[in-house]
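**Student:** Here it is, the structure, as structure tokens.
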Amino acid sequence: MQEKKGPIKGIRDKITQLWSQYPNWGKIPQFLELLEKGLDKELFVDPDKQEIPIPIEDLPVDEVLRKSGFFRNFYEKLFPVSHVFRITYRYDREFLDNFMPLSQDGYIGRGSYKFVYKLPWNQVVKIGKSKLPSDAIFGSLFKEVGRDITRFLKPEEIELRDFLKTQTSRDSKKDEIDFKFKRLGLERLHYWKLKSLIPDLVVPTRFFMGLRVRNNPFGIPNVTLTPCDQQTLLAGKHLKEFTIRNEKLEQNPILNKLFPKWKLNFDSHRFGVISKSKLKKIAVDFNRVIEVTKFLAEEEKLIFDIHAENIIITLPDFELKIFDFHVFDDYLYEPSEENPTPEMDHILIIEEFIKSFELD
């Protein structure tokens, strides 16, 4: 008699099947074509068509967790980003493409690794922050990218890297250029780790090498080469918008004063009126995220570093979407007293949110 599979077991088996194919996928030359499949359609903007902007009240609220302070906001006003180009290699030299103008009010906020700016249409461009090679993000996957960079960069990007290196005689500058192009490949690999497993839940993202232009108060531009990515701006609510900070966690007196921690409880009633069937669909998708998180931890020794600000429930469709995530080597995380394995810290937050749905 054939054993009957539950829905979660079926999802896990599918993940195993997909993941077992991954080494073969990585070796075929179509890796980047698979990665960017459909992006031309997803991110297409018609310059002749006036796009109605998403109302501010429908955009996700930052709610302080990642909000920039006074000095950062002042800096963005004093030295505003004017525009971003996508830079590639054509005609035997660097070639600027895909002009993205930014207004002085375009700065939305920051993440751990990127600054976020709203484009004049309903998209955002995310500009990589300067990071040292010692940062935790540059672990085993960064080494994997370095071993065969041709898997993760397009031929014209490799040509651009080599051309830019010929324009300087300093070894430190050449190393910096190398580092930035490897980071671009790393961002694509992190994205692919999740996109290949839960493609419908990951927000379509295009990664590219960018040229950012920031003006000083006298209008003199400062140009920086940096990895960037581009996404559609979504209407909805971040997961953290459903949090209730009503239980303070006890630490030592100094940490309690300077860096207070709260137990994150959730109130899904902030959705407003929503049918139980939609809540069930969201709960199932969250369980898929949990299974992927467990799978990466157990099979790849990687922690899917997902936080409340990386998850959005879209409106009016009430669909779960994930963006701006990274994966880290598990040895970088210390298991907490409550959880024997580090990925459980992320999983329990999601499970707490599902419980707030009050489903059977």
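Following the order of the structure tokens, chains are lettered A, B, ..., residues in each are numbered from 1, and ligands are numbered from 1.
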Using DSSP on the backbone coordinates, identify the residues of region 97-153 of chain A assigned to helix (DSSP H, G or I); present them as an MDAnalysis selection string.
**Tutor:** chainID A and resid 140:147 149:151
**Student:** Would you please work out which residue, of A:Phe152, A:Tyr191, A:Phe328, A:Phe304, is nearest to Arg206 (chain A) when using only C-alpha atoms?
**Tutor:**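 Comparing A:Phe152, A:Tyr191, A:Phe328, A:Phe304 against Arg206 (chain A), the winner is A:Tyr191.
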**Student:** Can you list, as JSON, numbers by chain, every protein, DNA or RNA residue that comes within 9 Å of Met209 (chain A) when you count only C-alpha atoms, leaving out same-chain residues fewer than 2 positions away?
**Tutor:** {"A": [85, 86, 87, 88, 157, 180, 181, 184, 207, 211, 225, 226, 227, 228, 229]}
**Student:** Generate a file of the selected residues that holds C-alpha atoms, formatted as a PDB file, in the first residue's frame.
**Tutor:**
```pdb
ATOM      1  CA  PHE A  85      23.332  54.242 -14.782  1.00  0.00           C
ATOM      2  CA  ARG A  86      23.738  50.614 -15.636  1.00  0.00           C
ATOM      3  CA  ILE A  87      27.309  50.276 -16.887  1.00  0.00           C
ATOM      4  CA  THR A  88      28.458  47.585 -19.302  1.00  0.00           C
ATOM      5  CA  GLU A 157      30.472  42.382 -17.491  1.00  0.00           C
ATOM      6  CA  LYS A 180      32.874  44.621  -6.580  1.00  0.00           C
ATOM      7  CA  PHE A 181      32.271  42.348  -9.561  1.00  0.00           C
ATOM      8  CA  LEU A 184      27.606  41.339  -7.986  1.00  0.00           C
ATOM      9  CA  PHE A 207      21.179  42.727 -10.539  1.00  0.00           C
ATOM     10  CA  LEU A 211      27.407  53.903 -11.757  1.00  0.00           C
ATOM     11  CA  LEU A 225      31.037  52.108  -9.312  1.00  0.00           C
ATOM     12  CA  THR A 226      28.868  49.782  -7.224  1.00  0.00           C
ATOM     13  CA  PRO A 227      26.596  46.714  -7.556  1.00  0.00           C
ATOM     14  CA  CYS A 228      22.901  47.623  -7.749  1.00  0.00           C
ATOM     15  CA  ASP A 229      19.559  45.943  -8.215  1.00  0.00           C
TER      16      ASP A 229
END
```
**Student:** Residues near Asp317 (chain A), anyone? I mean within 12 Å using only C-alpha atoms, not counting same-chain ones fewer than 4 positions away, as JSON, numbers by chain.
**Tutor:** {"A": [234, 235, 236, 237, 271, 274, 275, 278, 279, 281, 282, 312, 313, 321]}
**Student:** Take the residues that were just selected and, keeping C-alpha atoms, output them as an mmCIF file, in the first residue's frame.
**Tutor:**
```cif
data_model
loop_
_atom_site.group_PDB
_atom_site.id
_atom_site.type_symbol
_atom_site.label_atom_id
_atom_site.label_comp_id
_atom_site.auth_asym_id
_atom_site.auth_seq_id
_atom_site.Cartn_x
_atom_site.Cartn_y
_atom_site.Cartn_z
ATOM 1 C CA LEU A 234 4.781 46.788 -4.237
ATOM 2 C CA ALA A 235 1.752 48.003 -2.343
ATOM 3 C CA GLY A 236 1.243 46.132 0.905
ATOM 4 C CA LYS A 237 2.412 45.682 4.487
ATOM 5 C CA PHE A 271 -5.012 43.125 7.745
ATOM 6 C CA ILE A 274 -9.848 39.316 4.930
ATOM 7 C CA SER A 275 -11.344 35.944 4.114
ATOM 8 C CA LYS A 278 -6.687 34.018 1.897
ATOM 9 C CA LEU A 279 -5.253 33.596 5.384
ATOM 10 C CA LYS A 281 -3.061 30.591 1.439
ATOM 11 C CA ILE A 282 -0.642 32.918 3.273
ATOM 12 C CA ILE A 312 5.587 41.759 2.493
ATOM 13 C CA ILE A 313 1.907 40.875 2.264
ATOM 14 C CA LYS A 321 6.462 38.086 -1.235
#
```
**Student:** List as CSV every residue of region 153-237 of chain A that is in contact with region 114-125 of chain A, defined as an atom at most 6 Å from one of its atoms (using only C-alpha atoms), together with the nearest atom pair and the distance in Å rounded to one decimal, sorted by chain and then rising number.
**Tutor:**
```
residue,atom,partner,partner_atom,distance
A:Asp229,CA,A:Val125,CA,5.8
A:Gln230,CA,A:Val125,CA,4.6
A:Gln231,CA,A:Val124,CA,5.5
A:Thr232,CA,A:Gln123,CA,4.2
A:Leu233,CA,A:Gln123,CA,4.5
```
**Student:** Would you mind reading off the distance between CA of Val327 (chain A) and CA of Lys37 (chain A), one decimal, in Å?
**Tutor:**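 Computed distance, CA of Val327 (chain A) to CA of Lys37 (chain A), equals 22.0 Å.
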